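*Asks:* Next up, coords_8.cif (mmCIF, C-alpha atoms, pLDDT in the B column; chains and numbers go by the auth columns).
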```
data_target
loop_
_atom_site.group_PDB
_atom_site.id
_atom_site.type_symbol
_atom_site.label_atom_id
_atom_site.label_comp_id
_atom_site.label_asym_id
_atom_site.label_seq_id
_atom_site.Cartn_x
_atom_site.Cartn_y
_atom_site.Cartn_z
_atom_site.B_iso_or_equiv
_atom_site.auth_seq_id
_atom_site.auth_asym_id
ATOM 1 C CA LEU A 1 -104.351 121.936 -19.408 33.00 11 V
ATOM 2 C CA ALA A 2 -102.717 122.447 -16.045 37.00 12 V
ATOM 3 C CA THR A 3 -103.852 120.859 -12.805 38.00 13 V
ATOM 4 C CA LYS A 4 -103.611 122.281 -9.298 39.00 14 V
ATOM 5 C CA ASN A 5 -100.233 120.586 -8.883 41.00 15 V
ATOM 6 C CA GLY A 6 -98.883 122.300 -11.983 41.00 16 V
ATOM 7 C CA GLY A 7 -98.871 119.081 -13.973 41.00 17 V
ATOM 8 C CA SER A 8 -100.796 118.196 -17.051 42.00 18 V
ATOM 9 C CA SER A 9 -104.362 116.938 -16.815 43.00 19 V
ATOM 10 C CA SER A 10 -103.480 114.271 -19.363 48.00 20 V
ATOM 11 C CA SER A 11 -100.524 111.946 -19.003 54.00 21 V
ATOM 12 C CA LYS A 12 -99.624 112.190 -22.685 70.00 22 V
ATOM 13 C CA LYS A 13 -96.050 113.293 -23.329 73.00 23 V
ATOM 14 C CA PRO A 14 -95.572 115.964 -26.017 74.00 24 V
ATOM 15 C CA THR A 15 -94.180 114.685 -29.297 78.00 25 V
ATOM 16 C CA LEU A 16 -92.460 116.182 -32.295 81.00 26 V
ATOM 17 C CA LYS A 17 -95.791 116.003 -34.101 84.00 27 V
ATOM 18 C CA ASP A 18 -97.391 118.109 -31.337 82.00 28 V
ATOM 19 C CA ALA A 19 -94.570 120.642 -31.515 82.00 29 V
ATOM 20 C CA LYS A 20 -94.919 120.944 -35.292 81.00 30 V
ATOM 21 C CA ALA A 21 -98.664 121.504 -34.892 81.00 31 V
ATOM 22 C CA ILE A 22 -97.992 124.332 -32.437 80.00 32 V
ATOM 23 C CA LEU A 23 -95.487 125.864 -34.858 77.00 33 V
ATOM 24 C CA SER A 24 -98.044 125.792 -37.653 77.00 34 V
ATOM 25 C CA PHE A 25 -100.285 128.063 -35.586 74.00 35 V
ATOM 26 C CA CYS A 26 -97.542 130.621 -34.999 70.00 36 V
ATOM 27 C CA PRO A 27 -97.795 133.605 -37.302 63.00 37 V
ATOM 28 C CA VAL A 28 -95.089 134.133 -39.898 61.00 38 V
ATOM 29 C CA THR A 29 -95.195 137.840 -39.220 62.00 39 V
ATOM 30 C CA VAL A 30 -96.925 139.749 -36.515 55.00 40 V
ATOM 31 C CA ASP A 31 -98.990 142.831 -37.226 59.00 41 V
ATOM 32 C CA SER A 32 -99.514 144.867 -34.130 57.00 42 V
ATOM 33 C CA PHE A 33 -99.130 148.357 -32.843 59.00 43 V
ATOM 34 C CA PHE A 34 -96.289 147.196 -30.592 58.00 44 V
ATOM 35 C CA PRO A 35 -93.117 146.474 -32.612 65.00 45 V
ATOM 36 C CA LEU A 36 -91.374 145.142 -29.499 63.00 46 V
ATOM 37 C CA SER A 37 -94.021 142.418 -29.071 66.00 47 V
ATOM 38 C CA ASP A 38 -93.553 141.474 -32.745 69.00 48 V
ATOM 39 C CA ILE A 39 -89.840 140.945 -32.138 74.00 49 V
ATOM 40 C CA ILE A 40 -90.471 138.874 -29.001 76.00 50 V
ATOM 41 C CA VAL A 41 -93.045 136.645 -30.697 73.00 51 V
ATOM 42 C CA LEU A 42 -90.775 136.046 -33.687 78.00 52 V
ATOM 43 C CA LYS A 43 -87.768 135.289 -31.440 83.00 53 V
ATOM 44 C CA VAL A 44 -89.801 132.793 -29.411 81.00 54 V
ATOM 45 C CA LYS A 45 -91.045 131.158 -32.592 82.00 55 V
ATOM 46 C CA LYS A 46 -87.533 130.958 -34.019 86.00 56 V
ATOM 47 C CA SER A 47 -86.189 129.462 -30.794 87.00 57 V
ATOM 48 C CA PHE A 48 -88.991 126.892 -30.635 85.00 58 V
ATOM 49 C CA GLN A 49 -88.523 126.057 -34.301 88.00 59 V
ATOM 50 C CA GLN A 50 -84.794 125.470 -33.693 90.00 60 V
ATOM 51 C CA MET A 51 -85.591 123.088 -30.810 88.00 61 V
ATOM 52 C CA VAL A 52 -87.966 121.115 -33.022 90.00 62 V
ATOM 53 C CA GLU A 53 -85.366 120.922 -35.807 91.00 63 V
ATOM 54 C CA ASP A 54 -82.674 119.782 -33.340 92.00 64 V
ATOM 55 C CA ALA A 55 -84.963 117.088 -31.915 91.00 65 V
ATOM 56 C CA GLU A 56 -85.884 115.909 -35.423 92.00 66 V
ATOM 57 C CA ALA A 57 -82.227 115.754 -36.455 94.00 67 V
ATOM 58 C CA LEU A 58 -81.221 113.757 -33.358 94.00 68 V
ATOM 59 C CA GLN A 59 -84.192 111.428 -33.781 93.00 69 V
ATOM 60 C CA ALA A 60 -83.358 110.861 -37.455 95.00 70 V
ATOM 61 C CA ARG A 61 -79.668 110.298 -36.687 96.00 71 V
ATOM 62 C CA ALA A 62 -80.547 107.767 -33.983 96.00 72 V
ATOM 63 C CA SER A 63 -82.954 105.876 -36.236 95.00 73 V
ATOM 64 C CA GLN A 64 -80.457 105.798 -39.108 97.00 74 V
ATOM 65 C CA THR A 65 -77.634 104.588 -36.850 96.00 75 V
ATOM 66 C CA LEU A 66 -79.845 101.857 -35.389 96.00 76 V
ATOM 67 C CA ASP A 67 -80.830 100.757 -38.906 95.00 77 V
ATOM 68 C CA ASP A 68 -77.201 100.785 -40.061 96.00 78 V
ATOM 69 C CA CYS A 69 -76.132 98.730 -37.063 94.00 79 V
ATOM 70 C CA THR A 70 -78.907 96.195 -37.658 92.00 80 V
ATOM 71 C CA SER A 71 -77.840 95.880 -41.301 93.00 81 V
ATOM 72 C CA LEU A 72 -74.226 95.431 -40.249 93.00 82 V
ATOM 73 C CA LEU A 73 -75.219 92.694 -37.815 90.00 83 V
ATOM 74 C CA GLN A 74 -76.729 90.760 -40.723 90.00 84 V
ATOM 75 C CA THR A 75 -73.248 90.310 -42.211 88.00 85 V
ATOM 76 C CA ASN A 76 -70.359 88.171 -40.986 85.00 86 V
ATOM 77 C CA CYS A 77 -69.736 90.090 -37.781 84.00 87 V
ATOM 78 C CA PHE A 78 -66.362 88.567 -37.022 83.00 88 V
ATOM 79 C CA LEU A 79 -64.993 89.584 -40.422 87.00 89 V
ATOM 80 C CA ARG A 80 -66.415 93.084 -39.927 91.00 90 V
ATOM 81 C CA LYS A 81 -65.549 93.485 -36.254 90.00 91 V
ATOM 82 C CA ASP A 82 -63.884 96.885 -36.838 94.00 92 V
ATOM 83 C CA ASP A 83 -67.091 98.150 -38.455 96.00 93 V
ATOM 84 C CA ILE A 84 -69.086 96.696 -35.548 94.00 94 V
ATOM 85 C CA CYS A 85 -66.857 98.527 -33.061 95.00 95 V
ATOM 86 C CA ARG A 86 -67.286 101.804 -34.987 97.00 96 V
ATOM 87 C CA SER A 87 -71.037 101.274 -35.058 96.00 97 V
ATOM 88 C CA LEU A 88 -71.013 100.681 -31.311 96.00 98 V
ATOM 89 C CA GLN A 89 -69.164 103.960 -30.804 97.00 99 V
ATOM 90 C CA LEU A 90 -71.715 105.831 -32.951 97.00 100 V
ATOM 91 C CA LEU A 91 -74.558 104.286 -30.935 97.00 101 V
ATOM 92 C CA LYS A 92 -72.888 105.343 -27.686 96.00 102 V
ATOM 93 C CA ASN A 93 -72.367 108.896 -28.981 97.00 103 V
ATOM 94 C CA ILE A 94 -76.040 109.216 -29.860 96.00 104 V
ATOM 95 C CA GLN A 95 -76.992 107.717 -26.514 94.00 105 V
ATOM 96 C CA VAL A 96 -74.889 110.440 -24.831 94.00 106 V
ATOM 97 C CA ASP A 97 -76.742 113.075 -26.896 93.00 107 V
ATOM 98 C CA PHE A 98 -80.081 111.653 -25.753 92.00 108 V
ATOM 99 C CA VAL A 99 -78.946 111.795 -22.103 91.00 109 V
ATOM 100 C CA ARG A 100 -77.568 115.318 -22.560 91.00 110 V
ATOM 101 C CA HIS A 101 -80.975 116.543 -23.765 89.00 111 V
ATOM 102 C CA GLU A 102 -82.969 114.460 -21.289 84.00 112 V
ATOM 103 C CA ASN A 103 -84.086 117.372 -19.097 83.00 113 V
ATOM 104 C CA SER A 104 -84.587 119.894 -21.875 84.00 114 V
ATOM 105 C CA THR A 105 -87.422 120.694 -24.237 80.00 115 V
ATOM 106 C CA ILE A 106 -85.579 118.791 -26.956 84.00 116 V
ATOM 107 C CA GLY A 107 -85.434 115.731 -24.694 83.00 117 V
ATOM 108 C CA ALA A 108 -89.159 115.962 -24.060 83.00 118 V
ATOM 109 C CA LEU A 109 -89.772 115.768 -27.806 85.00 119 V
ATOM 110 C CA LEU A 110 -87.571 112.694 -28.386 87.00 120 V
ATOM 111 C CA ASN A 111 -89.183 109.307 -28.842 87.00 121 V
ATOM 112 C CA ILE A 112 -88.742 107.162 -25.720 87.00 122 V
ATOM 113 C CA ASP A 113 -88.858 103.983 -27.834 89.00 123 V
ATOM 114 C CA THR A 114 -85.779 105.142 -29.727 90.00 124 V
ATOM 115 C CA LYS A 115 -83.969 105.788 -26.450 90.00 125 V
ATOM 116 C CA VAL A 116 -84.842 102.292 -25.203 89.00 126 V
ATOM 117 C CA GLY A 117 -83.847 100.806 -28.569 90.00 127 V
ATOM 118 C CA LEU A 118 -80.473 102.556 -28.378 93.00 128 V
ATOM 119 C CA SER A 119 -79.859 101.259 -24.887 90.00 129 V
ATOM 120 C CA ARG A 120 -80.713 97.683 -25.835 89.00 130 V
ATOM 121 C CA LYS A 121 -78.647 97.793 -29.027 92.00 131 V
ATOM 122 C CA VAL A 122 -75.613 99.207 -27.166 93.00 132 V
ATOM 123 C CA THR A 123 -75.858 96.436 -24.550 90.00 133 V
ATOM 124 C CA SER A 124 -76.209 93.758 -27.216 89.00 134 V
ATOM 125 C CA VAL A 125 -73.370 95.018 -29.401 92.00 135 V
ATOM 126 C CA GLU A 126 -71.109 95.425 -26.352 92.00 136 V
ATOM 127 C CA TRP A 127 -71.723 91.751 -25.596 89.00 137 V
ATOM 128 C CA LEU A 128 -70.890 90.822 -29.185 89.00 138 V
ATOM 129 C CA VAL A 129 -67.677 92.842 -29.066 90.00 139 V
ATOM 130 C CA LYS A 130 -66.736 90.998 -25.880 87.00 140 V
ATOM 131 C CA CYS A 131 -67.208 87.750 -27.826 84.00 141 V
ATOM 132 C CA PHE A 132 -64.679 88.961 -30.415 83.00 142 V
ATOM 133 C CA SER A 133 -61.947 88.301 -27.854 80.00 143 V
ATOM 134 C CA TYR A 134 -62.705 84.591 -28.417 76.00 144 V
ATOM 135 C CA PRO A 135 -62.088 84.095 -32.158 71.00 145 V
ATOM 136 C CA ALA A 136 -62.729 80.393 -31.747 70.00 146 V
ATOM 137 C CA LEU A 137 -66.412 81.186 -31.238 72.00 147 V
ATOM 138 C CA PHE A 138 -66.581 82.237 -34.849 71.00 148 V
ATOM 139 C CA THR A 139 -65.372 78.947 -36.261 67.00 149 V
ATOM 140 C CA GLU A 140 -67.306 75.801 -36.949 66.00 150 V
ATOM 141 C CA ASN A 141 -64.677 73.679 -35.211 60.00 151 V
ATOM 142 C CA THR A 142 -66.331 72.377 -32.039 58.00 152 V
ATOM 143 C CA ALA A 143 -63.018 71.039 -30.765 59.00 153 V
ATOM 144 C CA VAL A 144 -62.204 74.513 -29.463 56.00 154 V
ATOM 145 C CA ILE A 145 -64.337 73.926 -26.377 55.00 155 V
ATOM 146 C CA SER A 146 -62.602 72.179 -23.540 53.00 156 V
ATOM 147 C CA SER A 147 -63.384 71.817 -19.885 47.00 157 V
ATOM 148 C CA LEU A 148 -59.944 70.732 -18.675 46.00 158 V
ATOM 149 C CA ASP A 149 -56.872 71.580 -20.719 49.00 159 V
ATOM 150 C CA SER A 150 -57.997 74.842 -22.302 46.00 160 V
ATOM 151 C CA GLU A 151 -56.099 76.992 -19.816 54.00 161 V
ATOM 152 C CA GLN A 152 -52.866 75.955 -21.534 58.00 162 V
ATOM 153 C CA ASP A 153 -54.129 75.879 -25.121 60.00 163 V
ATOM 154 C CA PRO A 154 -54.796 79.376 -26.571 58.00 164 V
ATOM 155 C CA ASN A 155 -56.884 77.823 -29.361 62.00 165 V
ATOM 156 C CA LYS A 156 -59.444 76.490 -26.904 67.00 166 V
ATOM 157 C CA ILE A 157 -62.037 78.272 -24.814 70.00 167 V
ATOM 158 C CA PRO A 158 -62.512 77.265 -21.190 70.00 168 V
ATOM 159 C CA PHE A 159 -66.008 75.965 -20.593 68.00 169 V
ATOM 160 C CA CYS A 160 -66.415 78.339 -17.650 75.00 170 V
ATOM 161 C CA GLN A 161 -65.772 81.288 -20.029 74.00 171 V
ATOM 162 C CA LEU A 162 -68.491 79.991 -22.336 73.00 172 V
ATOM 163 C CA GLU A 163 -70.871 79.822 -19.389 75.00 173 V
ATOM 164 C CA LYS A 164 -70.010 83.409 -18.416 77.00 174 V
ATOM 165 C CA LEU A 165 -70.665 84.589 -21.964 76.00 175 V
ATOM 166 C CA ARG A 166 -73.935 82.670 -22.098 72.00 176 V
ATOM 167 C CA ASP A 167 -75.042 84.086 -18.752 72.00 177 V
ATOM 168 C CA SER A 168 -74.213 87.619 -19.852 73.00 178 V
ATOM 169 C CA ILE A 169 -76.294 87.472 -23.042 74.00 179 V
ATOM 170 C CA PRO A 170 -78.368 90.665 -22.969 75.00 180 V
ATOM 171 C CA VAL A 171 -82.081 90.062 -22.382 67.00 181 V
ATOM 172 C CA LYS A 172 -84.987 92.330 -21.597 59.00 182 V
ATOM 173 C CA PRO A 173 -84.974 93.741 -18.049 57.00 183 V
ATOM 174 C CA GLY A 174 -86.529 91.447 -15.453 56.00 184 V
ATOM 175 C CA VAL A 175 -86.242 88.334 -17.644 56.00 185 V
ATOM 176 C CA GLN A 176 -84.048 85.390 -16.716 57.00 186 V
ATOM 177 C CA TRP A 177 -81.951 83.850 -19.471 52.00 187 V
ATOM 178 C CA ASN A 178 -82.850 80.406 -20.733 55.00 188 V
ATOM 179 C CA GLU A 179 -82.390 78.749 -24.082 52.00 189 V
ATOM 180 C CA THR A 180 -85.989 79.329 -25.176 46.00 190 V
ATOM 181 C CA CYS A 181 -86.737 82.749 -23.720 50.00 191 V
ATOM 182 C CA GLY A 182 -86.753 84.502 -27.106 49.00 192 V
ATOM 183 C CA VAL A 183 -86.001 87.949 -25.703 54.00 193 V
ATOM 184 C CA VAL A 184 -82.465 88.298 -27.033 57.00 194 V
ATOM 185 C CA ASP A 185 -81.581 90.465 -30.021 59.00 195 V
ATOM 186 C CA THR A 186 -81.604 87.713 -32.634 59.00 196 V
ATOM 187 C CA GLU A 187 -79.181 89.642 -34.850 60.00 197 V
ATOM 188 C CA ILE A 188 -76.557 89.337 -32.122 62.00 198 V
ATOM 189 C CA LEU A 189 -76.874 85.572 -31.763 56.00 199 V
ATOM 190 C CA ARG A 190 -76.891 84.788 -35.476 57.00 200 V
#
```
Starting from the coordinates I provided, produce the structure as structure tokens.

*Replies:*
Amino acid sequence: LATKNGGSSSSKKPTLKDAKAILSFCPVTVDSFFPLSDIIVLKVKKSFQQMVEDAEALQARASQTLDDCTSLLQTNCFLRKDDICRSLQLLKNIQVDFVRHENSTIGALLNIDTKVGLSRKVTSVEWLVKCFSYPALFTENTAVISSLDSEQDPNKIPFCQLEKLRDSIPVKPGVQWNETCGVVDTEILR
């Protein structure tokens, strides 16, 4: 229903399920005395059906890539850092597709939770990839941390760098980092 301002009387955003319901009401063929109207109706239906299929495909691809990345993060990330970097690139590509369709009908049908999930996963995996530049983080040798002489020793990590990494751990927007906040992607910190 439209309001005086041209907006919807309900604040509910259309979903893929809504679009599929609309498609189910569209006739497969049109029987009328006006062949031109038949062609127009069928073209509109075909166009709408293609938009729904494109939105479904993007949504499915995003969900699968998020699941694959989560599974990958449950392995030894440092040993699989090339796979992690490839996964990050796939996530970024899908994120670009979401942004590209943002102002289209396809974008209106995409799940906002998936878009937010993509954004958070990209931020988290980018942070992890940044950590890969410090291989010593992925060892159990605590002697790699030094506050004084680490600038000269490539096998040690300056304490200030550790603080920067800690302070840049991705958390939910508007939340300050602390050791007990519990808002970090736990797969990243494993």

*Asks:* As an exercise, work out the distance from atom CA of V:Asp78 to atom CA of V:Thr133 in Å and give it to one decimal place.

*Replies:*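 These atoms are spaced 16.2 Å apart.
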
*Asks:* Find the spatial neighbours of V:Ala70, counting all atoms listed in the file, within a cut-off of 12 Å - ignore same-chain residues fewer than 5 positions away - and output them as a PDB file with C-alpha atoms, in the coordinates of the input.

*Replies:*
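Full text of part.pdb as output:
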```pdb
ATOM      1  CA  LEU V  26     -92.460 116.182 -32.295  1.00 81.00           C
ATOM      2  CA  GLU V  63     -85.366 120.922 -35.807  1.00 91.00           C
ATOM      3  CA  ASP V  64     -82.674 119.782 -33.340  1.00 92.00           C
ATOM      4  CA  ALA V  65     -84.963 117.088 -31.915  1.00 91.00           C
ATOM      5  CA  THR V  75     -77.634 104.588 -36.850  1.00 96.00           C
ATOM      6  CA  LEU V  76     -79.845 101.857 -35.389  1.00 96.00           C
ATOM      7  CA  ASP V  77     -80.830 100.757 -38.906  1.00 95.00           C
ATOM      8  CA  ILE V 104     -76.040 109.216 -29.860  1.00 96.00           C
ATOM      9  CA  LEU V 120     -87.571 112.694 -28.386  1.00 87.00           C
ATOM     10  CA  ASN V 121     -89.183 109.307 -28.842  1.00 87.00           C
ATOM     11  CA  THR V 124     -85.779 105.142 -29.727  1.00 90.00           C
TER      12      THR V 124
END
```

*Asks:* Quick check, in Å to one decimal: how far apart do atom CA of V:Asp93 and atom CA of V:Val139 lie?

*Replies:*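 Separation of atom CA of V:Asp93 and atom CA of V:Val139: 10.8 Å.
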
*Asks:* For V:Lys27, which residue out of V:Leu119, V:Leu68, V:Leu82, V:Leu138 is the nearest one, using all atoms listed in the file?

*Replies:*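 The answer is V:Leu119, which sits nearest to V:Lys27.
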
*Asks:* Return as an MDAnalysis selection string the set of residues that the PyMOL selection byres ((chain V and resi 114-116) around 12) yields on the displayed structure.

*Replies:* chainID V and resid 23:26 29 57:69 107:113 117:121

*Asks:* Store the residues picked out above in a file with C-alpha atoms, as a compact mmCIF listing (two decimals), in the frame of the given file.

*Replies:*
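part36.txt, freshly written:
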```txt
# COMPACT_ATOMS: atom_id res chain seq x y z
CA LYS V 23 -96.05 113.29 -23.33
CA PRO V 24 -95.57 115.96 -26.02
CA THR V 25 -94.18 114.68 -29.30
CA LEU V 26 -92.46 116.18 -32.30
CA ALA V 29 -94.57 120.64 -31.52
CA SER V 57 -86.19 129.46 -30.79
CA PHE V 58 -88.99 126.89 -30.64
CA GLN V 59 -88.52 126.06 -34.30
CA GLN V 60 -84.79 125.47 -33.69
CA MET V 61 -85.59 123.09 -30.81
CA VAL V 62 -87.97 121.12 -33.02
CA GLU V 63 -85.37 120.92 -35.81
CA ASP V 64 -82.67 119.78 -33.34
CA ALA V 65 -84.96 117.09 -31.92
CA GLU V 66 -85.88 115.91 -35.42
CA ALA V 67 -82.23 115.75 -36.46
CA LEU V 68 -81.22 113.76 -33.36
CA GLN V 69 -84.19 111.43 -33.78
CA ASP V 107 -76.74 113.08 -26.90
CA PHE V 108 -80.08 111.65 -25.75
CA VAL V 109 -78.95 111.80 -22.10
CA ARG V 110 -77.57 115.32 -22.56
CA HIS V 111 -80.97 116.54 -23.76
CA GLU V 112 -82.97 114.46 -21.29
CA ASN V 113 -84.09 117.37 -19.10
CA GLY V 117 -85.43 115.73 -24.69
CA ALA V 118 -89.16 115.96 -24.06
CA LEU V 119 -89.77 115.77 -27.81
CA LEU V 120 -87.57 112.69 -28.39
CA ASN V 121 -89.18 109.31 -28.84
```

*Asks:* Find, counting all atoms listed in the file, the residue in V:Cys36, V:Ala146, V:Leu89, V:Val126 that gets nearest to V:Ala72.

*Replies:*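 Checking each of V:Cys36, V:Ala146, V:Leu89, V:Val126 against V:Ala72, counting all atoms listed in the file, the winner is V:Val126.
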
*Asks:* Which residue, V:Ile122, V:Val51, V:Val135, V:Cys170, has the smallest gap to V:Lys91 when you use only C-alpha atoms?

*Replies:*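 Once distances to V:Lys91 are computed over only C-alpha atoms, the minimum belongs to V:Val135.
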
*Asks:* Could you check how far atom CA of V:Asp28 sits from atom CA of V:Lys125, in Å to one decimal?

*Replies:*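 Taking atom CA of V:Asp28 and atom CA of V:Lys125, their separation equals 18.9 Å.
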
*Asks:* For this structure, which residues satisfy the selection - the PyMOL selection byres ((chain V and resi 79) around 12) - when it is evaluated on the file as given? I want them as a ChimeraX atom specification.

*Replies:* /V:72-78,80-85,87,90-91,93-102,127-128,131-132,134-135,197-198

*Asks:* Any chance you could turn stretch 115-139 of chain V into a file with N, CA and C atoms, as a compact mmCIF listing (two decimals), in the first residue's frame?

*Replies:*
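To be explicit, this is the file written out as selection-v7.txt:
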```txt
# COMPACT_ATOMS: atom_id res chain seq x y z
N THR V 115 16.44 -3.44 -7.87
CA THR V 115 15.43 -4.37 -7.37
C THR V 115 16.10 -5.59 -6.76
N ILE V 116 17.16 -6.06 -7.39
CA ILE V 116 17.89 -7.22 -6.87
C ILE V 116 18.41 -6.90 -5.47
N GLY V 117 18.98 -5.71 -5.30
CA GLY V 117 19.50 -5.30 -3.99
C GLY V 117 18.42 -5.25 -2.93
N ALA V 118 17.22 -4.84 -3.34
CA ALA V 118 16.11 -4.77 -2.38
C ALA V 118 15.71 -6.16 -1.90
N LEU V 119 15.97 -7.18 -2.71
CA LEU V 119 15.58 -8.54 -2.35
C LEU V 119 16.64 -9.27 -1.53
N LEU V 120 17.86 -8.72 -1.48
CA LEU V 120 18.95 -9.38 -0.75
C LEU V 120 18.78 -9.23 0.75
N ASN V 121 19.21 -10.24 1.46
CA ASN V 121 19.10 -10.26 2.92
C ASN V 121 20.13 -9.33 3.54
N ILE V 122 19.67 -8.36 4.32
CA ILE V 122 20.56 -7.39 4.95
C ILE V 122 21.49 -8.06 5.95
N ASP V 123 21.04 -9.13 6.59
CA ASP V 123 21.90 -9.84 7.55
C ASP V 123 23.11 -10.47 6.85
N THR V 124 22.92 -10.93 5.64
CA THR V 124 24.03 -11.49 4.88
C THR V 124 25.03 -10.39 4.53
N LYS V 125 24.52 -9.23 4.16
CA LYS V 125 25.40 -8.10 3.84
C LYS V 125 26.23 -7.70 5.07
N VAL V 126 25.60 -7.63 6.22
CA VAL V 126 26.29 -7.28 7.46
C VAL V 126 27.30 -8.38 7.81
N GLY V 127 26.90 -9.63 7.65
CA GLY V 127 27.79 -10.76 7.91
C GLY V 127 29.03 -10.72 7.02
N LEU V 128 28.83 -10.39 5.75
CA LEU V 128 29.96 -10.26 4.82
C LEU V 128 30.92 -9.17 5.29
N SER V 129 30.36 -8.04 5.65
CA SER V 129 31.19 -6.92 6.07
C SER V 129 32.02 -7.27 7.31
N ARG V 130 31.37 -7.89 8.27
CA ARG V 130 32.08 -8.28 9.50
C ARG V 130 33.15 -9.33 9.22
N LYS V 131 32.82 -10.31 8.38
CA LYS V 131 33.79 -11.37 8.08
C LYS V 131 34.98 -10.80 7.32
N VAL V 132 34.75 -9.89 6.37
CA VAL V 132 35.85 -9.27 5.63
C VAL V 132 36.76 -8.52 6.60
N THR V 133 36.19 -7.73 7.49
CA THR V 133 36.99 -6.98 8.47
C THR V 133 37.80 -7.92 9.35
N SER V 134 37.18 -8.98 9.81
CA SER V 134 37.87 -9.94 10.68
C SER V 134 38.99 -10.67 9.96
N VAL V 135 38.73 -11.12 8.74
CA VAL V 135 39.74 -11.88 8.00
C VAL V 135 40.87 -10.94 7.56
N GLU V 136 40.55 -9.69 7.25
CA GLU V 136 41.62 -8.73 6.94
C GLU V 136 42.56 -8.56 8.13
N TRP V 137 41.99 -8.51 9.32
CA TRP V 137 42.81 -8.40 10.53
C TRP V 137 43.69 -9.64 10.68
N LEU V 138 43.13 -10.80 10.45
CA LEU V 138 43.90 -12.04 10.55
C LEU V 138 45.04 -12.06 9.53
N VAL V 139 44.77 -11.63 8.33
CA VAL V 139 45.79 -11.59 7.29
C VAL V 139 46.92 -10.63 7.70
```
